[in-house]
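Note sheet for the following structure.
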Amino acid sequence: MTSDTETMLAARWHPPSYDIRVEKVPVPQIEHPDDAVLKVTLAGLCGSDLHIYRGQQPITKIHVTGHEFIGEVVKLGSNYGTDPVQSTIGRPNLYTSLNVGDKVVAPFTVNCGECHVCRVGYTGRCPYGALFGSPRLDGGQAQYVRVPKAGGTLYNLSSTASWSHTLTATSDVETLLKNISDSSLLLLSDILPTGVFAATQILAHPKMQPMLTGRAWPSSLNPPGSAMDSGTGLLTPEDRILTIAIIGLGPVGVCASVALLDALSQRSLPYRIVAIDLNESRREKLKRVYEAIGVDGKSQNGKFVVQGLEEAKETVANWTGGIGCTGVLEVVGNNSALIAAYELVRPFGVITSVGVHAPKNVPFTGADLYNKNISFDFGRCPARAMFPMAFELLVKRQDVFGQVGTESGLIDRIVSIEQASEMYRAFDQGDVGKVLFDPWK
């Protein structure tokens, strides 16, 4: 089959809920000069897909599902190449360098790469953006997918132009990609950048700086020796230990755990991490993942435990003398998880929530937040901006991300797209973990 074939197989959601059908639909075509059409080689089933699947969103339109995919460019609009219709001056580099045949990965949202929001790095909220696998834009759980604003959206795995300096200094394209499993590259679409984003946000928060710098707040916000630096304060080695809880150990929670451990290890920071989930199989999965991580990704200067919620509360109380966690990563996306985060975090603590929340009120009053001086970070990961950092971690941690179907691997299985309906049911019921679809299997 080529992209000129009239129909393709695709998984489509039908209203009102719990209805995924694999159907023949028209192959997408170029609709705008900035478009690209990809032949999808792998697509992922993500926890976020379940919100629409369960009918939790006010949606009635039948559409192709899936926001995680990698593939090969088969068609490009007229704004690409050496003779584009629109000038490429000031536009993302892919408008001049992207070619048919390139291997690419897409983030879960379209982003133009040209507006103020994209230029400052907040690509997940580009005003020209759209979510793949939504009523607005068909997704990638299909044999082909159309990518709008592809020059600003796609990440070219066939070129080092946008890779991190660490990778370009040590590897050539052919050797690097040969050593990375294709299944692990799919993780770049959403869950790995989101995990890295969660870890990066919490460690960069101003309220974490006393522990990171060894200087009391607010001196910790200023360079040492500056006029605003009042000295080192009275921080003891015990004061500087970061106590962090991770709530939710699905695939994103595992990625957040790996990213946080790696960041703390690289900085040689003392830490105590408790990873929490009510599901025993998920807890066991993370234990195996932790065991598989090499010594370069976890420090001997910290503690890492995996527990249920009530046991975790006791652990945090014992570790901190009842004060609570320095910070909490909430990776579930529901009010029960937010309540648990609030109960675990210390006064002047930080809660970073990257779970997708249903349209409900958060379970706090203004007084609740005031009384603990809590800072909240909510929202969508700017996945395209996070790609270089996430790709570097992906390369480094093939001991975890490169496995399929193993106790320590993040990906449970790769199946035919024709099994989409069955896999959605099993994933919804917690019977399977991370599932990838091969549209050509």
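Every chain in the structure tokens takes a letter, A first, then B, and so on in the order presented; its residues are numbered from 1, and the ligands are numbered from 1 following the presented order.
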For the structure I just gave you, how does DSSP split segment 106-248 of chain A - specifically, which residues are strand (DSSP E or B)? Reply as a CSV table (one decimal) with N, CA and C atoms, in the first residue's frame.
chain,number,residue,atom,x,y,z
A,106,ALA,N,6.3,12.4,16.2
A,106,ALA,CA,5.5,13.6,16.5
A,106,ALA,C,5.1,13.7,17.9
A,109,THR,N,0.7,17.0,20.3
A,109,THR,CA,0.0,18.2,19.8
A,109,THR,C,0.7,18.8,18.6
A,131,LEU,N,-4.8,18.7,19.2
A,131,LEU,CA,-4.4,17.5,19.8
A,131,LEU,C,-4.7,16.3,18.8
A,134,SER,N,-8.3,13.6,18.3
A,134,SER,CA,-9.4,14.4,18.9
A,134,SER,C,-10.4,14.7,17.8
A,137,LEU,N,-8.7,16.8,15.1
A,137,LEU,CA,-7.6,16.3,14.3
A,137,LEU,C,-7.5,14.8,14.5
A,142,ALA,N,-3.5,4.4,13.0
A,142,ALA,CA,-3.9,4.2,11.7
A,142,ALA,C,-2.7,3.9,10.8
A,144,TYR,N,-1.8,5.7,8.1
A,144,TYR,CA,-1.3,7.0,7.7
A,144,TYR,C,-1.9,8.0,8.6
A,145,VAL,N,-1.2,9.2,8.7
A,145,VAL,CA,-1.7,10.3,9.4
A,145,VAL,C,-1.2,11.6,8.8
A,146,ARG,N,-2.1,12.6,8.8
A,146,ARG,CA,-1.7,13.9,8.3
A,146,ARG,C,-1.2,14.8,9.5
A,147,VAL,N,-0.1,15.4,9.3
A,147,VAL,CA,0.5,16.3,10.4
A,147,VAL,C,0.5,17.7,9.9
A,155,TYR,N,9.8,15.9,14.9
A,155,TYR,CA,11.2,15.8,15.3
A,155,TYR,C,11.9,14.8,14.4
A,156,ASN,N,12.9,15.2,13.6
A,156,ASN,CA,13.5,14.4,12.6
A,156,ASN,C,14.6,13.5,13.2
A,242,LEU,N,16.1,16.1,49.8
A,242,LEU,CA,14.8,16.2,49.1
A,242,LEU,C,13.9,15.0,49.4
A,243,THR,N,12.7,15.3,49.9
A,243,THR,CA,11.8,14.2,50.1
A,243,THR,C,10.6,14.4,49.0
A,244,ILE,N,10.5,13.4,48.1
A,244,ILE,CA,9.6,13.6,47.0
A,244,ILE,C,8.7,12.4,46.9
A,245,ALA,N,7.4,12.6,46.7
A,245,ALA,CA,6.5,11.5,46.4
A,245,ALA,C,6.1,11.6,44.9
A,246,ILE,N,5.9,10.4,44.3
A,246,ILE,CA,5.4,10.3,43.0
A,246,ILE,C,4.1,9.5,43.1
A,247,ILE,N,3.0,10.1,42.8
A,247,ILE,CA,1.6,9.4,42.9
A,247,ILE,C,1.2,9.0,41.5
Find the spatial neighbours of Val331 of chain A, counting only C-alpha atoms, within a cut-off of 10 Å - ignore same-chain residues fewer than 5 positions away - and output them as a PyMOL selection string. chain A and resi 194-195+198+246-254+256+337-338+352-356
Store the residues picked out above in a file with N, CA and C atoms, as a compact mmCIF listing (two decimals), in the first residue's frame.
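Now in again.txt:
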# COMPACT_ATOMS: atom_id res chain seq x y z
N THR A 194 6.74 13.89 28.96
CA THR A 194 5.92 14.30 30.09
C THR A 194 6.58 13.93 31.42
N GLY A 195 7.18 12.75 31.48
CA GLY A 195 7.91 12.37 32.69
C GLY A 195 9.10 13.27 32.96
N ALA A 198 7.82 16.67 34.17
CA ALA A 198 7.42 16.66 35.58
C ALA A 198 8.63 16.77 36.49
N ILE A 246 5.89 10.41 44.35
CA ILE A 246 5.37 10.28 42.99
C ILE A 246 4.07 9.48 43.08
N ILE A 247 2.95 10.10 42.75
CA ILE A 247 1.65 9.44 42.86
C ILE A 247 1.17 9.03 41.47
N GLY A 248 1.02 7.73 41.24
CA GLY A 248 0.59 7.21 39.95
C GLY A 248 1.75 6.59 39.21
N LEU A 249 1.74 5.25 39.08
CA LEU A 249 2.87 4.54 38.51
C LEU A 249 2.51 3.82 37.21
N GLY A 250 1.63 4.46 36.44
CA GLY A 250 1.42 4.01 35.08
C GLY A 250 2.64 4.36 34.25
N PRO A 251 2.57 4.23 32.94
CA PRO A 251 3.74 4.51 32.09
C PRO A 251 4.34 5.90 32.29
N VAL A 252 3.51 6.95 32.45
CA VAL A 252 4.06 8.29 32.67
C VAL A 252 4.73 8.36 34.04
N GLY A 253 4.13 7.74 35.05
CA GLY A 253 4.73 7.72 36.37
C GLY A 253 6.08 7.02 36.38
N VAL A 254 6.20 5.94 35.62
CA VAL A 254 7.49 5.25 35.51
C VAL A 254 8.52 6.16 34.85
N ALA A 256 8.51 9.43 34.78
CA ALA A 256 8.83 10.50 35.73
C ALA A 256 9.81 10.00 36.78
N ALA A 337 -6.11 11.62 43.74
CA ALA A 337 -4.66 11.79 43.70
C ALA A 337 -4.25 13.18 44.19
N LEU A 338 -5.04 14.20 43.84
CA LEU A 338 -4.74 15.55 44.31
C LEU A 338 -4.88 15.65 45.83
N THR A 352 3.36 19.21 41.58
CA THR A 352 3.39 19.29 40.12
C THR A 352 2.46 18.23 39.58
N SER A 353 1.41 18.66 38.88
CA SER A 353 0.40 17.74 38.36
C SER A 353 0.45 17.72 36.84
N VAL A 354 0.79 16.56 36.27
CA VAL A 354 0.82 16.41 34.82
C VAL A 354 -0.25 15.42 34.34
N GLY A 355 -1.06 14.91 35.27
CA GLY A 355 -2.17 14.06 34.87
C GLY A 355 -3.25 14.88 34.18
N VAL A 356 -3.97 14.24 33.25
CA VAL A 356 -5.05 14.91 32.53
C VAL A 356 -6.32 14.84 33.39
As JSON, numbers by chain, please: all residues of segment 49-259 of chain A that backbone DSSP puts in alpha helix (DSSP H). {"A": [49, 50, 51, 52, 53, 94, 95, 96, 97, 116, 117, 118, 119, 150, 151, 152, 153, 165, 166, 167, 168, 169, 170, 173, 174, 175, 176, 177, 178, 182, 183, 184, 185, 191, 192, 193, 194, 195, 196, 197, 198, 199, 200, 201, 202, 203, 204, 209, 210, 211, 212, 213, 251, 252, 253, 254, 255, 256, 257, 258, 259]}
Atom CA of His63 of chain A and atom CA of Arg12 of chain A, how far apart in Å?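 Computed distance, atom CA of Arg12 of chain A to atom CA of His63 of chain A, equals 5.3 Å.
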Interatomic distance, atom CA of Val435 of chain A to atom CA of Ser189 of chain A (Å, one decimal):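 According to the coordinates, atom CA of Val435 of chain A and atom CA of Ser189 of chain A are separated by 13.8 Å.
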Using only C-alpha atoms, tabulate the residues of segment 54-138 of chain A lying at most 10 Å from any atom of segment 40-50 of chain A, each with its closest atom pair and that distance in Å to one decimal, by chain and increasing residue number, as a Markdown table.
| residue | atom | partner | partner_atom | distance |
| --- | --- | --- | --- | --- |
| A:Arg54 | CA | A:Leu50 | CA | 5.8 |
| A:Gly55 | CA | A:Leu50 | CA | 8.4 |
| A:Gln56 | CA | A:Leu50 | CA | 8.5 |
| A:Thr65 | CA | A:Asp49 | CA | 7.6 |
| A:Gly66 | CA | A:Leu45 | CA | 6.7 |
| A:His67 | CA | A:Gly44 | CA | 7.5 |
| A:Glu68 | CA | A:Gly44 | CA | 5.0 |
| A:Phe69 | CA | A:Ala43 | CA | 4.2 |
| A:Ile70 | CA | A:Leu42 | CA | 5.6 |
| A:Gly71 | CA | A:Val40 | CA | 4.3 |
| A:Glu72 | CA | A:Val40 | CA | 6.6 |
| A:Val73 | CA | A:Val40 | CA | 8.9 |
| A:Val74 | CA | A:Val40 | CA | 9.9 |
| A:Lys103 | CA | A:Thr41 | CA | 9.6 |
| A:Val104 | CA | A:Val40 | CA | 9.7 |
| A:Val105 | CA | A:Val40 | CA | 9.6 |
| A:Gly133 | CA | A:Asp49 | CA | 8.2 |
| A:Ser134 | CA | A:Asp49 | CA | 9.5 |
How would the residues just picked look written out with all heavy atoms as a CSV table (one decimal), in the first residue's frame?
chain,number,residue,atom,x,y,z
A,54,ARG,N,-13.9,6.5,27.6
A,54,ARG,CA,-14.9,6.3,28.7
A,54,ARG,C,-16.0,7.3,28.6
A,54,ARG,O,-17.0,7.2,29.4
A,54,ARG,CB,-14.2,6.4,30.1
A,54,ARG,CG,-13.2,5.3,30.4
A,54,ARG,CD,-12.4,5.7,31.6
A,54,ARG,NE,-11.4,4.7,32.0
A,54,ARG,CZ,-10.4,4.8,32.8
A,54,ARG,NH1,-10.1,6.1,33.3
A,54,ARG,NH2,-9.6,3.8,33.1
A,55,GLY,N,-16.0,8.2,27.6
A,55,GLY,CA,-17.0,9.2,27.5
A,55,GLY,C,-17.0,10.3,28.5
A,55,GLY,O,-18.0,10.9,28.9
A,56,GLN,N,-15.8,10.5,29.1
A,56,GLN,CA,-15.6,11.5,30.1
A,56,GLN,C,-15.5,13.0,29.5
A,56,GLN,O,-15.5,13.9,30.3
A,56,GLN,CB,-14.4,11.2,31.0
A,56,GLN,CG,-14.5,9.9,31.8
A,56,GLN,CD,-13.2,9.5,32.4
A,56,GLN,OE1,-12.1,9.9,32.0
A,56,GLN,NE2,-13.3,8.7,33.5
A,65,THR,N,-8.4,7.6,16.5
A,65,THR,CA,-7.8,7.8,17.9
A,65,THR,C,-6.3,7.8,17.8
A,65,THR,O,-5.7,7.5,16.8
A,65,THR,CB,-8.3,6.7,18.8
A,65,THR,OG1,-8.1,5.4,18.1
A,65,THR,CG2,-9.8,6.8,19.1
A,66,GLY,N,-5.7,8.2,19.0
A,66,GLY,CA,-4.3,8.0,19.2
A,66,GLY,C,-3.5,9.3,18.9
A,66,GLY,O,-3.5,9.9,17.9
A,67,HIS,N,-2.6,9.6,19.9
A,67,HIS,CA,-1.8,10.8,19.8
A,67,HIS,C,-0.3,10.5,20.0
A,67,HIS,O,0.5,11.3,20.1
A,67,HIS,CB,-2.2,11.8,20.9
A,67,HIS,CG,-2.1,11.3,22.3
A,67,HIS,ND1,-3.2,10.8,23.0
A,67,HIS,CD2,-1.1,11.2,23.2
A,67,HIS,CE1,-2.9,10.5,24.2
A,67,HIS,NE2,-1.6,10.7,24.3
A,68,GLU,N,0.0,9.2,20.0
A,68,GLU,CA,1.4,8.7,20.0
A,68,GLU,C,1.8,8.0,18.7
A,68,GLU,O,1.1,6.9,18.5
A,68,GLU,CB,1.7,7.8,21.2
A,68,GLU,CG,1.4,8.5,22.6
A,68,GLU,CD,1.7,7.5,23.7
A,68,GLU,OE1,1.5,6.3,23.5
A,68,GLU,OE2,2.0,8.0,24.8
A,69,PHE,N,2.7,8.4,17.9
A,69,PHE,CA,3.1,7.7,16.7
A,69,PHE,C,4.4,8.1,16.2
A,69,PHE,O,4.9,9.2,16.4
A,69,PHE,CB,2.0,7.9,15.7
A,69,PHE,CG,1.7,9.3,15.3
A,69,PHE,CD1,2.4,10.0,14.3
A,69,PHE,CD2,0.7,10.0,16.0
A,69,PHE,CE1,2.1,11.3,14.0
A,69,PHE,CE2,0.4,11.3,15.7
A,69,PHE,CZ,1.1,12.0,14.6
A,70,ILE,N,5.1,7.2,15.5
A,70,ILE,CA,6.3,7.4,14.8
A,70,ILE,C,6.0,6.9,13.4
A,70,ILE,O,5.2,6.1,13.1
A,70,ILE,CB,7.5,6.8,15.4
A,70,ILE,CG1,7.4,5.3,15.4
A,70,ILE,CG2,7.9,7.3,16.7
A,70,ILE,CD1,8.7,4.6,15.8
A,71,GLY,N,6.8,7.4,12.4
A,71,GLY,CA,6.6,7.0,11.0
A,71,GLY,C,7.6,7.5,10.1
A,71,GLY,O,8.6,8.1,10.5
A,72,GLU,N,7.3,7.4,8.8
A,72,GLU,CA,8.1,7.8,7.7
A,72,GLU,C,7.4,8.8,6.9
A,72,GLU,O,6.2,8.6,6.5
A,72,GLU,CB,8.5,6.6,6.9
A,72,GLU,CG,9.3,6.9,5.6
A,72,GLU,CD,9.5,5.7,4.8
A,72,GLU,OE1,9.6,4.6,5.3
A,72,GLU,OE2,9.5,5.8,3.5
A,73,VAL,N,8.0,9.9,6.5
A,73,VAL,CA,7.4,10.9,5.7
A,73,VAL,C,7.2,10.4,4.3
A,73,VAL,O,8.1,9.9,3.6
A,73,VAL,CB,8.3,12.2,5.6
A,73,VAL,CG1,7.7,13.2,4.6
A,73,VAL,CG2,8.5,12.8,6.9
A,74,VAL,N,5.9,10.4,3.8
A,74,VAL,CA,5.6,10.0,2.4
A,74,VAL,C,5.1,11.1,1.5
A,74,VAL,O,5.2,11.0,0.3
A,74,VAL,CB,4.6,8.8,2.4
A,74,VAL,CG1,5.1,7.6,3.1
A,74,VAL,CG2,3.3,9.2,3.1
A,103,LYS,N,12.7,9.5,8.9
A,103,LYS,CA,12.1,8.9,10.0
A,103,LYS,C,11.8,9.9,11.1
A,103,LYS,O,12.7,10.7,11.5
A,103,LYS,CB,13.0,7.8,10.6
A,103,LYS,CG,12.5,6.9,11.7
A,103,LYS,CD,13.5,5.9,12.0
A,103,LYS,CE,13.0,4.9,13.0
A,103,LYS,NZ,14.0,3.8,13.3
A,104,VAL,N,10.6,10.0,11.5
A,104,VAL,CA,10.2,11.1,12.4
A,104,VAL,C,9.3,10.6,13.5
A,104,VAL,O,8.7,9.6,13.4
A,104,VAL,CB,9.4,12.2,11.6
A,104,VAL,CG1,10.3,12.9,10.6
A,104,VAL,CG2,8.2,11.7,10.9
A,105,VAL,N,9.2,11.5,14.6
A,105,VAL,CA,8.3,11.2,15.7
A,105,VAL,C,7.5,12.5,15.9
A,105,VAL,O,8.1,13.6,15.7
A,105,VAL,CB,9.0,10.8,16.9
A,105,VAL,CG1,10.0,11.8,17.4
A,105,VAL,CG2,8.0,10.5,18.1
A,133,GLY,N,-5.8,12.8,17.6
A,133,GLY,CA,-6.7,11.8,18.2
A,133,GLY,C,-7.9,12.5,18.9
A,133,GLY,O,-8.4,12.0,19.9
A,134,SER,N,-8.3,13.6,18.3
A,134,SER,CA,-9.4,14.4,18.9
A,134,SER,C,-10.4,14.7,17.8
A,134,SER,O,-10.1,14.5,16.6
A,134,SER,CB,-8.9,15.6,19.6
A,134,SER,OG,-8.4,16.6,18.6
Find the distance between atom CA of Gly77 of chain A and atom CA of Ala36 of chain A and write it in Å to one decimal.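 Answer for the atom CA of Gly77 of chain A to atom CA of Ala36 of chain A separation: 6.1 Å.
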Residue with smallest distance to Asp296 of chain A - pool A:Ala161, A:Ile276, A:Val258, A:Leu329, counting only C-alpha atoms: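 Once distances to Asp296 of chain A are computed over only C-alpha atoms, the minimum belongs to A:Val258.
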Which polymer residues have any atom within 12 Å of an atom of Glu422 of chain A, counting only C-alpha atoms, with same-chain residues fewer than 6 positions away left out, as a list in words?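 My reading of the contact set: Ala11, Tyr18, Asp19, Ile20, Arg21, Val22, Leu45, Val415, Ser416, Asp428, Gln429, Asp431, Val432, Val435 and Phe437 of chain A.
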So that I can check the surroundings of segment 116-118 of chain A, please list as a ChimeraX atom specification every protein, DNA and RNA residue that reaches within 12 Å of it, counting only C-alpha atoms and ignoring chain neighbours fewer than 2 positions away. /A:91-92,110-114,120-129,152-153,382-386
When distances are computed from only C-alpha atoms, which of A:Leu186, A:Val316, A:Ala341, A:Val295 shows the smallest separation from Leu410 of chain A? A:Leu186
Ranking A:Gly302, A:Pro388, A:Gly297, A:Gly433 by minimum distance to Thr166 of chain A and counting only C-alpha atoms, which one comes first? A:Pro388
